[in-house]
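Trainee: Dumping the structure here so I can ask a few things about it.
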Amino acid sequence: MTPPTHSPRPRRPRRFGASLLPVLVPLAVLIVVAVAVGSWLQFTERQANDAVHAVGSRAADRVEVEAVVQSVDAAARELVLRVRVVPLGALGEEGGTAPVADLRLQTSVATLGDLAFPAHERIAPEDVQVALTGGSIGDYPFDTYETDLEFWAVLGGREVPVRMLFSNNATLFSVSATPLASGEEAAMGLELSRSASLLVFAGFMMVVMWALAASVLIGAWYLTTHGEGIVWPALAWMAATLFALAAFRNTAPGTPPIGCVLDWFAFLWAETVIALCLITVVVTGVRSALRIALRAEDTAT
């Protein structure tokens with residue numbers, strides 16, 4: 001009597017969703033955390049830029065100066081300040097849009113030029129240049145600068161109280177303001193540094209540069225140790241990385257000059273590593289190809 005035969009059990013279909021689940025869940029958590037951190041950083045930076053710093057007299061009859069930083073030129077060491085002057089109380093007319101007498105707004109030494117407004121004429125906002133001291137753009141992205149803002153007003157030949165409202169509209173810089181002791185004039189010390197978003201992006205650029213250099217170095221090590229000869233796709237990738245890295249460096253916000261901290265920390269060294277790897281792969285590949293050709297000739301003879 002023959003024993004009963006058992007048919008093999010059918011194989012269950014593989015569930016790809018279950019195999020991807022351990023990868024998708026951490027990835028989703030990482031994305032949520034990254035978006036949350038980015039939102040918090042953007043909110044805090046926006047709050048800092050929207051902050052208004054006030055200094056000077058609170059008298060009812062005063063000249064109010066609204067000073068807003070529009071842009072900062074670190075290479076020229078100057079910032080552009082948009083100034084809006086509003087005479088209040090008995091000093092102004094038509095809702096503070098015009099002075100009752102000739103108004104002259106005198107500024108500090110760092111500000112390039114004073115402001116003058118004729119009597120009974122509408123006051124329009126004006127842009128003034130303010131010189132920066134200290135710091136160097138060669139320290140990019142860790143460069144910091146300082147300057148002083150000071151306004152005092154003369155209306156109809158006599159000095160009148162001034163109050164300054166300062167804010168920052170330059171997205172690439174964060175500004176910390178410190179009120180300075182003053183009488184009827186308004187004075188403030190400023191310290192400018194790169195914004196948090198710029199620092200994060202510059203740090204990301206340096207990490208990417210070193211990562212690309214490390215990738216090319218690993219690829220060059222593999223090609224030279226395994227005697228692959230001249231591998232044209234690998235050489236094209238290395239050469240493209242060499243030139244793409246220079247273009248990537250030029251996307252740094254603020255257009256820093258060559259020789260800044262960004263270059264000495266990452267860019268110049270990454271370019272050097274990639275260039276040396278490319279040359280080494282070419283020389284090693286040519287030697288391997290010649291060796292193979294000579295061996296083929298010896299075998300043929």
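Letters A, B, ... go to the chains of the structure tokens in the order shown; residues in each chain start at 1; ligands are counted from 1 in the same order.
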Identify, with DSSP run on backbone atoms, the residues in region 1-176 of chain A assigned to helix (DSSP H, G or I), and express the list as an NGL selection string.
Mentor: :A and (16-50 or 89-91 or 137-139)
Trainee: Compile the contact shell of Val100 (chain A) as a PDB file with C-alpha atoms, in the first residue's frame: residues with an atom at most 12 Å away, counting only C-alpha atoms, same-chain residues fewer than 2 positions apart removed.
Mentor:
```pdb
ATOM      1  CA  ASP A  61       5.375 117.709  20.529  1.00  0.00           C
ATOM      2  CA  VAL A  63       9.662 114.554  15.676  1.00  0.00           C
ATOM      3  CA  VAL A  86       6.697 112.522  11.145  1.00  0.00           C
ATOM      4  CA  PRO A  87       6.427 115.812  13.096  1.00  0.00           C
ATOM      5  CA  LEU A  88       3.793 115.350  15.825  1.00  0.00           C
ATOM      6  CA  GLY A  89       1.740 117.758  17.883  1.00  0.00           C
ATOM      7  CA  ALA A  90       2.439 121.437  17.394  1.00  0.00           C
ATOM      8  CA  LEU A  91       5.467 120.654  15.227  1.00  0.00           C
ATOM      9  CA  GLY A  92       3.458 119.243  12.318  1.00  0.00           C
ATOM     10  CA  GLU A  93       0.434 119.957  10.208  1.00  0.00           C
ATOM     11  CA  GLU A  94      -1.906 117.943   8.000  1.00  0.00           C
ATOM     12  CA  GLY A  95      -1.685 114.953  10.305  1.00  0.00           C
ATOM     13  CA  GLY A  96       2.089 115.061  10.609  1.00  0.00           C
ATOM     14  CA  THR A  97       2.761 114.949   6.875  1.00  0.00           C
ATOM     15  CA  ALA A  98       4.426 118.404   6.803  1.00  0.00           C
ATOM     16  CA  ASP A 102      11.931 124.350   8.075  1.00  0.00           C
ATOM     17  CA  LEU A 103      12.990 121.032   9.584  1.00  0.00           C
ATOM     18  CA  PHE A 117      12.522 119.287   4.809  1.00  0.00           C
ATOM     19  CA  PRO A 118      11.017 122.663   3.808  1.00  0.00           C
ATOM     20  CA  ALA A 119       8.152 124.126   5.818  1.00  0.00           C
ATOM     21  CA  HIS A 120       4.558 123.263   4.838  1.00  0.00           C
ATOM     22  CA  GLU A 121       5.679 120.707   2.240  1.00  0.00           C
ATOM     23  CA  ARG A 122       4.842 117.041   2.317  1.00  0.00           C
ATOM     24  CA  ILE A 123       7.597 114.854   3.811  1.00  0.00           C
ATOM     25  CA  VAL A 154      16.171 121.456  14.465  1.00  0.00           C
ATOM     26  CA  LEU A 155      12.811 123.054  13.628  1.00  0.00           C
ATOM     27  CA  GLY A 156      12.678 126.739  12.869  1.00  0.00           C
TER      28      GLY A 156
END
```
Trainee: Just give me the gap between CA of Asp139 (chain A) and CA of Thr272 (chain A) in Å, one decimal is fine.
Mentor: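 Computing the Euclidean distance for CA of Asp139 (chain A) and CA of Thr272 (chain A) yields 21.2 Å.
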Trainee: Extract, using only C-alpha atoms, all DNA, RNA and protein residues at most 12 Å from Leu165 (chain A), discarding same-chain residues fewer than 5 positions from it, and format them as an NGL selection string.
Mentor: :A and (50-58 or 63-69 or 82-86 or 149-151 or 177 or 179 or 186-188)
Trainee: Give me, as a list in words, all polymer residues having an atom no more than 9 Å from Gly219 (chain A), counting only C-alpha atoms and skipping those fewer than 6 positions away in the same chain.
Mentor: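 Using only C-alpha atoms, the neighbours found are Ala234, Met238 and Cys277 of chain A.
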Trainee: Contacts between region 241-250 of chain A and region 188-211 of chain A, please, where a residue of region 188-211 of chain A counts if it comes within 10 Å (with only C-alpha atoms); show its shortest atom pair and distance in Å to one decimal, rows by chain and ascending number, as CSV.
Mentor:
```
residue,atom,partner,partner_atom,distance
A:Ala202,CA,A:Arg249,CA,9.5
A:Met205,CA,A:Arg249,CA,7.6
A:Met206,CA,A:Arg249,CA,9.1
A:Val208,CA,A:Leu245,CA,9.3
A:Met209,CA,A:Leu245,CA,7.1
```
Trainee: Identify which of the residues A:Ala252, A:Val35, A:Ala181, A:Leu276 lies closest to Phe201 (chain A), counting only C-alpha atoms when measuring atom-to-atom distances.
Mentor: A:Ala252
Trainee: Do a neighbour search on Arg287 (chain A) at 12 Å with only C-alpha atoms, toss out local chain neighbours closer than 3 positions, and write the hits as a PDB file with all heavy atoms, in the first residue's frame.
Mentor:
```pdb
ATOM      1  N   THR A 224      40.942  52.587  -8.455  1.00  0.00           N
ATOM      2  CA  THR A 224      42.396  52.398  -8.473  1.00  0.00           C
ATOM      3  C   THR A 224      42.819  51.080  -7.840  1.00  0.00           C
ATOM      4  O   THR A 224      43.859  50.522  -8.200  1.00  0.00           O
ATOM      5  CB  THR A 224      43.084  53.558  -7.739  1.00  0.00           C
ATOM      6  OG1 THR A 224      42.531  53.688  -6.414  1.00  0.00           O
ATOM      7  CG2 THR A 224      42.887  54.856  -8.500  1.00  0.00           C
ATOM      8  N   GLY A 227      41.774  47.913 -10.390  1.00  0.00           N
ATOM      9  CA  GLY A 227      42.332  47.838 -11.745  1.00  0.00           C
ATOM     10  C   GLY A 227      41.288  47.859 -12.828  1.00  0.00           C
ATOM     11  O   GLY A 227      41.344  47.043 -13.761  1.00  0.00           O
ATOM     12  N   GLU A 228      40.319  48.753 -12.721  1.00  0.00           N
ATOM     13  CA  GLU A 228      39.236  48.798 -13.689  1.00  0.00           C
ATOM     14  C   GLU A 228      39.638  49.445 -15.012  1.00  0.00           C
ATOM     15  O   GLU A 228      38.875  49.445 -15.963  1.00  0.00           O
ATOM     16  CB  GLU A 228      38.054  49.582 -13.090  1.00  0.00           C
ATOM     17  CG  GLU A 228      37.435  48.940 -11.864  1.00  0.00           C
ATOM     18  CD  GLU A 228      36.678  47.677 -12.211  1.00  0.00           C
ATOM     19  OE1 GLU A 228      36.297  47.512 -13.385  1.00  0.00           O
ATOM     20  OE2 GLU A 228      36.474  46.840 -11.313  1.00  0.00           O
ATOM     21  N   GLY A 229      40.808  50.036 -15.058  1.00  0.00           N
ATOM     22  CA  GLY A 229      41.202  50.731 -16.280  1.00  0.00           C
ATOM     23  C   GLY A 229      40.531  52.091 -16.365  1.00  0.00           C
ATOM     24  O   GLY A 229      40.165  52.697 -15.361  1.00  0.00           O
ATOM     25  N   ILE A 230      40.378  52.575 -17.593  1.00  0.00           N
ATOM     26  CA  ILE A 230      39.735  53.875 -17.803  1.00  0.00           C
ATOM     27  C   ILE A 230      38.226  53.662 -17.898  1.00  0.00           C
ATOM     28  O   ILE A 230      37.729  53.106 -18.880  1.00  0.00           O
ATOM     29  CB  ILE A 230      40.268  54.558 -19.071  1.00  0.00           C
ATOM     30  CG1 ILE A 230      41.776  54.815 -18.940  1.00  0.00           C
ATOM     31  CG2 ILE A 230      39.538  55.873 -19.314  1.00  0.00           C
ATOM     32  CD1 ILE A 230      42.380  55.483 -20.153  1.00  0.00           C
ATOM     33  N   THR A 280      44.320  61.088 -10.333  1.00  0.00           N
ATOM     34  CA  THR A 280      44.801  59.759  -9.933  1.00  0.00           C
ATOM     35  C   THR A 280      44.099  58.651 -10.689  1.00  0.00           C
ATOM     36  O   THR A 280      44.730  57.677 -11.135  1.00  0.00           O
ATOM     37  CB  THR A 280      44.598  59.574  -8.424  1.00  0.00           C
ATOM     38  OG1 THR A 280      45.284  60.614  -7.713  1.00  0.00           O
ATOM     39  CG2 THR A 280      45.124  58.224  -7.966  1.00  0.00           C
ATOM     40  N   VAL A 281      42.791  58.795 -10.873  1.00  0.00           N
ATOM     41  CA  VAL A 281      42.030  57.769 -11.600  1.00  0.00           C
ATOM     42  C   VAL A 281      42.474  57.717 -13.056  1.00  0.00           C
ATOM     43  O   VAL A 281      42.625  56.624 -13.641  1.00  0.00           O
ATOM     44  CB  VAL A 281      40.524  58.054 -11.488  1.00  0.00           C
ATOM     45  CG1 VAL A 281      39.735  57.173 -12.454  1.00  0.00           C
ATOM     46  CG2 VAL A 281      40.048  57.807 -10.069  1.00  0.00           C
ATOM     47  N   VAL A 282      42.736  58.866 -13.671  1.00  0.00           N
ATOM     48  CA  VAL A 282      43.170  58.884 -15.066  1.00  0.00           C
ATOM     49  C   VAL A 282      44.542  58.226 -15.196  1.00  0.00           C
ATOM     50  O   VAL A 282      44.764  57.373 -16.080  1.00  0.00           O
ATOM     51  CB  VAL A 282      43.203  60.329 -15.596  1.00  0.00           C
ATOM     52  CG1 VAL A 282      43.880  60.381 -16.965  1.00  0.00           C
ATOM     53  CG2 VAL A 282      41.797  60.879 -15.693  1.00  0.00           C
ATOM     54  N   VAL A 283      45.498  58.591 -14.335  1.00  0.00           N
ATOM     55  CA  VAL A 283      46.843  58.023 -14.421  1.00  0.00           C
ATOM     56  C   VAL A 283      46.808  56.522 -14.160  1.00  0.00           C
ATOM     57  O   VAL A 283      47.411  55.725 -14.907  1.00  0.00           O
ATOM     58  CB  VAL A 283      47.774  58.738 -13.422  1.00  0.00           C
ATOM     59  CG1 VAL A 283      49.121  58.030 -13.363  1.00  0.00           C
ATOM     60  CG2 VAL A 283      47.951  60.200 -13.810  1.00  0.00           C
ATOM     61  N   THR A 284      46.101  56.109 -13.137  1.00  0.00           N
ATOM     62  CA  THR A 284      46.018  54.680 -12.819  1.00  0.00           C
ATOM     63  C   THR A 284      45.308  53.915 -13.926  1.00  0.00           C
ATOM     64  O   THR A 284      45.703  52.794 -14.288  1.00  0.00           O
ATOM     65  CB  THR A 284      45.278  54.483 -11.489  1.00  0.00           C
ATOM     66  OG1 THR A 284      45.906  55.269 -10.471  1.00  0.00           O
ATOM     67  CG2 THR A 284      45.284  53.024 -11.081  1.00  0.00           C
ATOM     68  N   LEU A 290      47.472  50.185 -20.415  1.00  0.00           N
ATOM     69  CA  LEU A 290      48.724  49.839 -21.090  1.00  0.00           C
ATOM     70  C   LEU A 290      49.208  48.453 -20.674  1.00  0.00           C
ATOM     71  O   LEU A 290      49.707  47.671 -21.505  1.00  0.00           O
ATOM     72  CB  LEU A 290      49.789  50.889 -20.779  1.00  0.00           C
ATOM     73  CG  LEU A 290      49.558  52.286 -21.390  1.00  0.00           C
ATOM     74  CD1 LEU A 290      50.639  53.246 -20.922  1.00  0.00           C
ATOM     75  CD2 LEU A 290      49.542  52.192 -22.907  1.00  0.00           C
ATOM     76  N   ARG A 291      49.053  48.136 -19.391  1.00  0.00           N
ATOM     77  CA  ARG A 291      49.472  46.833 -18.913  1.00  0.00           C
ATOM     78  C   ARG A 291      48.654  45.722 -19.572  1.00  0.00           C
ATOM     79  O   ARG A 291      49.183  44.681 -19.986  1.00  0.00           O
ATOM     80  CB  ARG A 291      49.344  46.770 -17.396  1.00  0.00           C
ATOM     81  CG  ARG A 291      50.014  45.544 -16.790  1.00  0.00           C
ATOM     82  CD  ARG A 291      49.835  45.508 -15.272  1.00  0.00           C
ATOM     83  NE  ARG A 291      50.331  46.735 -14.650  1.00  0.00           N
ATOM     84  CZ  ARG A 291      49.575  47.644 -14.055  1.00  0.00           C
ATOM     85  NH1 ARG A 291      48.250  47.468 -14.021  1.00  0.00           N
ATOM     86  NH2 ARG A 291      50.099  48.734 -13.511  1.00  0.00           N
ATOM     87  N   ILE A 292      47.357  45.933 -19.699  1.00  0.00           N
ATOM     88  CA  ILE A 292      46.502  44.943 -20.344  1.00  0.00           C
ATOM     89  C   ILE A 292      46.858  44.797 -21.814  1.00  0.00           C
ATOM     90  O   ILE A 292      46.900  43.683 -22.366  1.00  0.00           O
ATOM     91  CB  ILE A 292      45.018  45.329 -20.162  1.00  0.00           C
ATOM     92  CG1 ILE A 292      44.635  45.258 -18.686  1.00  0.00           C
ATOM     93  CG2 ILE A 292      44.121  44.438 -20.988  1.00  0.00           C
ATOM     94  CD1 ILE A 292      43.239  45.781 -18.387  1.00  0.00           C
ATOM     95  N   ALA A 293      47.162  45.917 -22.463  1.00  0.00           N
ATOM     96  CA  ALA A 293      47.527  45.844 -23.889  1.00  0.00           C
ATOM     97  C   ALA A 293      48.848  45.111 -24.088  1.00  0.00           C
ATOM     98  O   ALA A 293      48.984  44.318 -25.018  1.00  0.00           O
ATOM     99  CB  ALA A 293      47.624  47.274 -24.455  1.00  0.00           C
ATOM    100  N   LEU A 294      49.832  45.363 -23.223  1.00  0.00           N
ATOM    101  CA  LEU A 294      51.103  44.659 -23.344  1.00  0.00           C
ATOM    102  C   LEU A 294      50.937  43.156 -23.084  1.00  0.00           C
ATOM    103  O   LEU A 294      51.553  42.322 -23.768  1.00  0.00           O
ATOM    104  CB  LEU A 294      52.122  45.252 -22.356  1.00  0.00           C
ATOM    105  CG  LEU A 294      52.607  46.676 -22.697  1.00  0.00           C
ATOM    106  CD1 LEU A 294      53.510  47.194 -21.570  1.00  0.00           C
ATOM    107  CD2 LEU A 294      53.349  46.691 -24.023  1.00  0.00           C
TER     108      LEU A 294
END
```
Trainee: Using only C-alpha atoms, which of A:Phe267, A:Phe142, A:Trp237, A:Trp221 sits nearest Arg194 (chain A)?
Mentor: A:Phe142
Trainee: Go ahead and compute the interatomic distance for CA of Asp143 (chain A) and CA of Ala270 (chain A), in Å to one decimal.
Mentor: 22.4 Å
Trainee: Using backbone DSSP assignments, extract all strand (DSSP E or B) residues from region 18-213 of chain A; output them as a PyMOL selection string.
Mentor: chain A and resi 53-56+63-73+78-87+92-93+98-99+103-107+111+115-117+126-131+133+144-155+158-160+162-168+173-179+186-194
